[in-house]
file data12.txt (compact mmCIF, N, CA and C atoms)
# COMPACT_ATOMS: atom_id res chain seq x y z
N MET I 1 -15.54 1.70 -17.54
CA MET I 1 -14.86 0.78 -18.45
C MET I 1 -14.57 -0.52 -17.70
N ALA I 2 -14.88 -1.62 -18.30
CA ALA I 2 -14.67 -2.94 -17.69
C ALA I 2 -13.19 -3.30 -17.71
N PHE I 3 -12.79 -4.06 -16.71
CA PHE I 3 -11.41 -4.51 -16.61
C PHE I 3 -11.11 -5.50 -17.72
N GLN I 4 -9.99 -5.30 -18.39
CA GLN I 4 -9.54 -6.21 -19.44
C GLN I 4 -8.45 -7.12 -18.86
N PRO I 5 -8.42 -8.41 -19.23
CA PRO I 5 -7.35 -9.28 -18.74
C PRO I 5 -5.99 -8.63 -18.99
N THR I 6 -5.15 -8.65 -17.96
CA THR I 6 -3.87 -7.97 -17.99
C THR I 6 -2.75 -8.95 -17.69
N PRO I 7 -1.70 -9.00 -18.54
CA PRO I 7 -0.58 -9.89 -18.24
C PRO I 7 0.02 -9.57 -16.88
N VAL I 8 0.40 -10.61 -16.17
CA VAL I 8 0.98 -10.45 -14.84
C VAL I 8 2.45 -10.88 -14.90
N ILE I 9 3.27 -10.27 -14.06
CA ILE I 9 4.68 -10.62 -13.97
C ILE I 9 4.83 -11.61 -12.82
N PHE I 10 5.57 -12.68 -13.05
CA PHE I 10 5.82 -13.65 -11.99
C PHE I 10 7.27 -13.53 -11.53
N LYS I 11 7.45 -13.39 -10.21
CA LYS I 11 8.78 -13.26 -9.60
C LYS I 11 9.00 -14.42 -8.65
N PHE I 12 10.27 -14.81 -8.51
CA PHE I 12 10.64 -15.89 -7.59
C PHE I 12 10.26 -15.54 -6.17
N SER I 13 9.68 -16.49 -5.46
CA SER I 13 9.29 -16.29 -4.06
C SER I 13 10.37 -16.85 -3.15
N GLN I 14 10.81 -16.06 -2.19
CA GLN I 14 11.79 -16.53 -1.22
C GLN I 14 11.13 -17.33 -0.11
N GLN I 15 9.83 -17.20 0.06
CA GLN I 15 9.12 -17.83 1.16
C GLN I 15 8.44 -19.15 0.79
N ARG I 16 7.95 -19.23 -0.43
CA ARG I 16 7.15 -20.38 -0.83
C ARG I 16 7.70 -20.99 -2.11
N GLY I 17 7.17 -22.14 -2.47
CA GLY I 17 7.62 -22.81 -3.68
C GLY I 17 7.12 -22.18 -4.96
N ARG I 18 5.97 -21.53 -4.91
CA ARG I 18 5.38 -20.93 -6.11
C ARG I 18 5.81 -19.48 -6.26
N ASP I 19 5.86 -19.03 -7.51
CA ASP I 19 6.22 -17.63 -7.78
C ASP I 19 5.14 -16.68 -7.28
N VAL I 20 5.53 -15.43 -7.07
CA VAL I 20 4.62 -14.37 -6.66
C VAL I 20 4.15 -13.63 -7.91
N ALA I 21 2.86 -13.36 -8.00
CA ALA I 21 2.30 -12.60 -9.11
C ALA I 21 2.40 -11.11 -8.77
N VAL I 22 2.95 -10.32 -9.69
CA VAL I 22 3.15 -8.89 -9.46
C VAL I 22 2.35 -8.11 -10.50
N TYR I 23 1.55 -7.17 -10.01
CA TYR I 23 0.76 -6.29 -10.88
C TYR I 23 1.28 -4.87 -10.71
N LEU I 24 1.83 -4.30 -11.78
CA LEU I 24 2.32 -2.92 -11.76
C LEU I 24 1.14 -1.98 -11.96
N ILE I 25 0.97 -1.04 -11.02
CA ILE I 25 -0.18 -0.14 -11.04
C ILE I 25 0.05 0.99 -12.05
N PRO I 26 -0.84 1.12 -13.06
CA PRO I 26 -0.70 2.20 -14.03
C PRO I 26 -1.08 3.54 -13.41
N PRO I 27 -0.73 4.67 -13.96
CA PRO I 27 -0.06 4.84 -15.25
C PRO I 27 1.46 4.80 -15.13
N LYS I 28 2.03 5.19 -13.99
CA LYS I 28 3.49 5.25 -13.88
C LYS I 28 4.14 3.88 -13.75
N ARG I 29 3.42 2.92 -13.19
CA ARG I 29 3.90 1.56 -13.00
C ARG I 29 5.13 1.50 -12.09
N ASP I 30 5.20 2.45 -11.13
CA ASP I 30 6.32 2.45 -10.18
C ASP I 30 5.93 1.86 -8.83
N THR I 31 4.67 1.48 -8.67
CA THR I 31 4.20 0.78 -7.48
C THR I 31 3.46 -0.48 -7.94
N CYS I 32 3.27 -1.39 -7.01
CA CYS I 32 2.66 -2.66 -7.42
C CYS I 32 1.87 -3.30 -6.29
N PHE I 33 1.06 -4.27 -6.67
CA PHE I 33 0.43 -5.20 -5.75
C PHE I 33 1.13 -6.54 -5.95
N LYS I 34 1.38 -7.26 -4.85
CA LYS I 34 1.98 -8.59 -4.93
C LYS I 34 0.99 -9.61 -4.38
N PHE I 35 0.90 -10.73 -5.07
CA PHE I 35 -0.04 -11.78 -4.69
C PHE I 35 0.68 -13.12 -4.64
N SER I 36 0.43 -13.89 -3.59
CA SER I 36 1.01 -15.23 -3.48
C SER I 36 -0.04 -16.27 -3.85
N TYR I 37 0.44 -17.41 -4.33
CA TYR I 37 -0.44 -18.49 -4.79
C TYR I 37 -1.31 -19.01 -3.65
N LEU I 38 -2.59 -19.20 -3.93
CA LEU I 38 -3.51 -19.75 -2.93
C LEU I 38 -4.00 -21.14 -3.35
N ASN I 39 -4.62 -21.22 -4.54
CA ASN I 39 -5.12 -22.52 -5.01
C ASN I 39 -5.44 -22.47 -6.50
N LYS I 40 -5.88 -23.62 -7.02
CA LYS I 40 -6.22 -23.75 -8.43
C LYS I 40 -7.64 -24.27 -8.54
N SER I 41 -8.35 -23.85 -9.58
CA SER I 41 -9.74 -24.30 -9.77
C SER I 41 -9.78 -25.81 -10.02
N LYS I 42 -10.93 -26.40 -9.82
CA LYS I 42 -11.08 -27.84 -10.05
C LYS I 42 -10.75 -28.22 -11.48
N ALA I 43 -11.08 -27.35 -12.42
CA ALA I 43 -10.78 -27.62 -13.83
C ALA I 43 -9.28 -27.48 -14.11
N GLY I 44 -8.57 -26.78 -13.21
CA GLY I 44 -7.12 -26.65 -13.34
C GLY I 44 -6.65 -25.51 -14.22
N ASP I 45 -7.56 -24.67 -14.69
CA ASP I 45 -7.15 -23.61 -15.60
C ASP I 45 -7.02 -22.24 -14.93
N ILE I 46 -7.72 -22.02 -13.83
CA ILE I 46 -7.69 -20.72 -13.15
C ILE I 46 -7.00 -20.87 -11.80
N GLU I 47 -5.99 -20.02 -11.56
CA GLU I 47 -5.28 -20.01 -10.29
C GLU I 47 -5.72 -18.79 -9.48
N THR I 48 -5.84 -18.96 -8.18
CA THR I 48 -6.21 -17.85 -7.30
C THR I 48 -4.99 -17.44 -6.50
N TYR I 49 -4.76 -16.13 -6.43
CA TYR I 49 -3.65 -15.55 -5.69
C TYR I 49 -4.20 -14.61 -4.63
N ILE I 50 -3.50 -14.53 -3.48
CA ILE I 50 -3.94 -13.74 -2.34
C ILE I 50 -2.97 -12.58 -2.11
N CYS I 51 -3.48 -11.41 -1.75
CA CYS I 51 -2.65 -10.21 -1.54
C CYS I 51 -1.65 -10.48 -0.41
N THR I 52 -0.36 -10.32 -0.68
CA THR I 52 0.66 -10.63 0.32
C THR I 52 0.67 -9.63 1.47
N GLU I 53 0.46 -8.35 1.19
CA GLU I 53 0.47 -7.34 2.26
C GLU I 53 -0.73 -7.51 3.19
N CYS I 54 -1.90 -7.73 2.62
CA CYS I 54 -3.10 -7.91 3.44
C CYS I 54 -2.99 -9.19 4.27
N ARG I 55 -2.45 -10.24 3.67
CA ARG I 55 -2.27 -11.50 4.40
C ARG I 55 -1.30 -11.31 5.56
N GLY I 56 -0.23 -10.54 5.32
CA GLY I 56 0.73 -10.26 6.38
C GLY I 56 0.11 -9.49 7.53
N LEU I 57 -0.71 -8.50 7.21
CA LEU I 57 -1.40 -7.73 8.25
C LEU I 57 -2.34 -8.62 9.06
N LYS I 58 -3.07 -9.48 8.36
CA LYS I 58 -4.01 -10.37 9.05
C LYS I 58 -3.26 -11.31 9.99
N ASP I 59 -2.11 -11.81 9.55
CA ASP I 59 -1.32 -12.72 10.38
C ASP I 59 -0.73 -12.02 11.60
N LYS I 60 -0.33 -10.76 11.45
CA LYS I 60 0.29 -10.01 12.55
C LYS I 60 -0.72 -9.57 13.59
N ILE I 61 -1.93 -9.27 13.16
CA ILE I 61 -2.95 -8.73 14.07
C ILE I 61 -4.07 -9.76 14.22
N ARG I 62 -3.75 -10.89 14.79
CA ARG I 62 -4.71 -11.98 14.90
C ARG I 62 -5.90 -11.66 15.80
N GLN I 63 -5.70 -10.81 16.80
CA GLN I 63 -6.80 -10.53 17.74
C GLN I 63 -7.87 -9.63 17.12
N VAL I 64 -7.57 -8.97 16.01
CA VAL I 64 -8.54 -8.11 15.34
C VAL I 64 -9.19 -8.89 14.19
N ASN I 65 -10.49 -8.74 14.02
CA ASN I 65 -11.17 -9.40 12.91
C ASN I 65 -10.87 -8.63 11.63
N TYR I 66 -9.85 -9.07 10.91
CA TYR I 66 -9.41 -8.38 9.70
C TYR I 66 -10.40 -8.55 8.55
N GLY I 67 -11.09 -9.67 8.53
CA GLY I 67 -12.02 -9.93 7.44
C GLY I 67 -11.39 -10.79 6.36
N VAL I 68 -12.00 -10.79 5.19
CA VAL I 68 -11.53 -11.62 4.08
C VAL I 68 -10.38 -10.91 3.37
N VAL I 69 -9.31 -11.65 3.12
CA VAL I 69 -8.14 -11.10 2.43
C VAL I 69 -8.43 -11.08 0.92
N PRO I 70 -8.11 -9.96 0.23
CA PRO I 70 -8.39 -9.84 -1.20
C PRO I 70 -7.65 -10.89 -2.03
N THR I 71 -8.33 -11.39 -3.04
CA THR I 71 -7.74 -12.35 -3.97
C THR I 71 -7.99 -11.89 -5.40
N VAL I 72 -7.18 -12.41 -6.31
CA VAL I 72 -7.38 -12.20 -7.75
C VAL I 72 -7.21 -13.55 -8.43
N ARG I 73 -7.80 -13.68 -9.61
CA ARG I 73 -7.68 -14.91 -10.38
C ARG I 73 -6.81 -14.68 -11.60
N VAL I 74 -6.02 -15.72 -11.94
CA VAL I 74 -5.11 -15.66 -13.08
C VAL I 74 -5.45 -16.80 -14.03
N LEU I 75 -5.58 -16.47 -15.31
CA LEU I 75 -5.85 -17.45 -16.35
C LEU I 75 -4.82 -17.27 -17.45
N ASN I 76 -4.07 -18.30 -17.76
CA ASN I 76 -3.05 -18.26 -18.82
C ASN I 76 -2.09 -17.08 -18.65
N GLY I 77 -1.65 -16.82 -17.43
CA GLY I 77 -0.68 -15.77 -17.18
C GLY I 77 -1.23 -14.35 -17.19
N ALA I 78 -2.56 -14.22 -17.18
CA ALA I 78 -3.17 -12.88 -17.18
C ALA I 78 -4.18 -12.77 -16.05
N LEU I 79 -4.20 -11.61 -15.41
CA LEU I 79 -5.19 -11.34 -14.36
C LEU I 79 -6.57 -11.20 -15.01
N ILE I 80 -7.54 -11.92 -14.46
CA ILE I 80 -8.91 -11.77 -14.98
C ILE I 80 -9.79 -11.03 -13.98
N ASP I 81 -9.23 -10.70 -12.81
CA ASP I 81 -9.90 -9.85 -11.82
C ASP I 81 -9.08 -8.58 -11.68
N ASP I 82 -9.74 -7.47 -11.45
CA ASP I 82 -9.07 -6.18 -11.30
C ASP I 82 -8.42 -6.11 -9.91
N PRO I 83 -7.08 -6.09 -9.82
CA PRO I 83 -6.43 -6.03 -8.51
C PRO I 83 -6.64 -4.71 -7.79
N GLU I 84 -6.99 -3.66 -8.52
CA GLU I 84 -7.24 -2.37 -7.88
C GLU I 84 -8.66 -2.29 -7.31
N ASN I 85 -9.54 -3.15 -7.77
CA ASN I 85 -10.92 -3.21 -7.28
C ASN I 85 -11.32 -4.67 -7.08
N PRO I 86 -10.68 -5.36 -6.12
CA PRO I 86 -10.99 -6.78 -5.92
C PRO I 86 -12.37 -6.97 -5.29
N ARG I 87 -12.79 -8.22 -5.26
CA ARG I 87 -14.09 -8.55 -4.65
C ARG I 87 -14.12 -8.15 -3.18
N TRP I 88 -12.98 -8.24 -2.49
CA TRP I 88 -12.85 -7.79 -1.10
C TRP I 88 -11.76 -6.73 -1.08
N VAL I 89 -12.00 -5.62 -0.42
CA VAL I 89 -11.08 -4.48 -0.47
C VAL I 89 -9.77 -4.74 0.26
N HIS I 90 -8.72 -4.02 -0.17
CA HIS I 90 -7.39 -4.10 0.46
C HIS I 90 -7.43 -3.36 1.77
call {"tool": "encode", "arguments": {"input": "data12.txt", "output": "structure tokens"}}
result
Amino acid sequence: MAFQPTPVIFKFSQQRGRDVAVYLIPPKRDTCFKFSYLNKSKAGDIETYICTECRGLKDKIRQVNYGVVPTVRVLNGALIDDPENPRWVH
């Protein structure tokens, strides 16, 4: 089954000026993925968010080649990429 755009919850960020995008993992929705703002498309309609936990690990372990940090795209307040199966793994 293909991923359907899913509304995302935005929470205040204590670290940055932009809110953090929160995706509650189904079915229980008691765990989540958190993503911080990365950039906006040239057209200005799609925002890209980066996984906060993966980014933190990459920053802490600089001597190890962590690889590409997973990102998701948001359009009109909804995730258009599947955060559980991103283009680059968590």
call {"tool": "residues_around", "arguments": {"input": "data12.txt", "residues": "region 53-61 of chain I", "least_positions_apart": "4", "cutoff": "6 Å", "atoms": "all atoms listed in the file", "output": "list in words"}}
result
Lys34, Tyr66 and Val69 of chain I
call {"tool": "select_by_dssp", "arguments": {"input": "data12.txt", "residues": "region 10-62 of chain I", "states": "alpha helix (DSSP H)", "output": "JSON, numbers by chain"}}
result
{"I": [52, 53, 54, 55, 56, 57, 58, 59, 60]}
call {"tool": "residues_around", "arguments": {"input": "data12.txt", "residues": "region 21-29 of chain I", "least_positions_apart": "2", "cutoff": "6.5 Å", "atoms": "all atoms listed in the file", "output": "number ranges by chain"}}
result
I: 8-11, 19, 31-37
call {"tool": "atom_distance", "arguments": {"input": "data12.txt", "atom1": "CA of Val68 (chain I)", "atom2": "CA of Arg18 (chain I)"}}
result
21.8 Å
call {"tool": "atom_distance", "arguments": {"input": "data12.txt", "atom1": "CA of Ala78 (chain I)", "atom2": "CA of Asp45 (chain I)"}}
result
11.6 Å
call {"tool": "axis_aligned_box", "arguments": {"input": "data12.txt", "around": "region 15-28 of chain I", "padding_each_side": "5 Å", "output": "AutoDock Vina command-line options"}}
result
--center_x 4.4 --center_y -8.8 --center_z -7.0 --size_x 20.9 --size_y 38.1 --size_z 26.4
call {"tool": "atom_distance", "arguments": {"input": "data12.txt", "atom1": "CA of Glu47 (chain I)", "atom2": "CA of Val74 (chain I)"}}
result
5.2 Å
call {"tool": "residues_around", "arguments": {"input": "data12.txt", "residues": "region 83-86 of chain I", "least_positions_apart": "5", "cutoff": "6.5 Å", "atoms": "only N, CA and C atoms", "output": "list in words"}}
result
Pro70, Thr71 and Val72 of chain I
call {"tool": "write_last_selection", "arguments": {"input": "data12.txt", "atoms": "N, CA and C atoms", "output": "tab-separated table (two decimals), keeping the file's coordinate frame"}}
result
chain	number	residue	atom	x	y	z
I	70	PRO	N	-8.11	-9.96	0.23
I	70	PRO	CA	-8.39	-9.84	-1.20
I	70	PRO	C	-7.65	-10.89	-2.03
I	71	THR	N	-8.33	-11.39	-3.04
I	71	THR	CA	-7.74	-12.35	-3.97
I	71	THR	C	-7.99	-11.89	-5.40
I	72	VAL	N	-7.18	-12.41	-6.31
I	72	VAL	CA	-7.38	-12.20	-7.75
I	72	VAL	C	-7.21	-13.55	-8.43
call {"tool": "closest_residue", "arguments": {"input": "data12.txt", "among": "I:Leu75, I:Cys51, I:Ile46, I:Val64", "to": "Val89 (chain I)", "atoms": "only C-alpha atoms"}}
result
I:Cys51
call {"tool": "closest_residue", "arguments": {"input": "data12.txt", "among": "I:Ser13, I:Ala2, I:Lys42, I:Thr48", "to": "Asn76 (chain I)", "atoms": "only C-alpha atoms"}}
result
I:Thr48
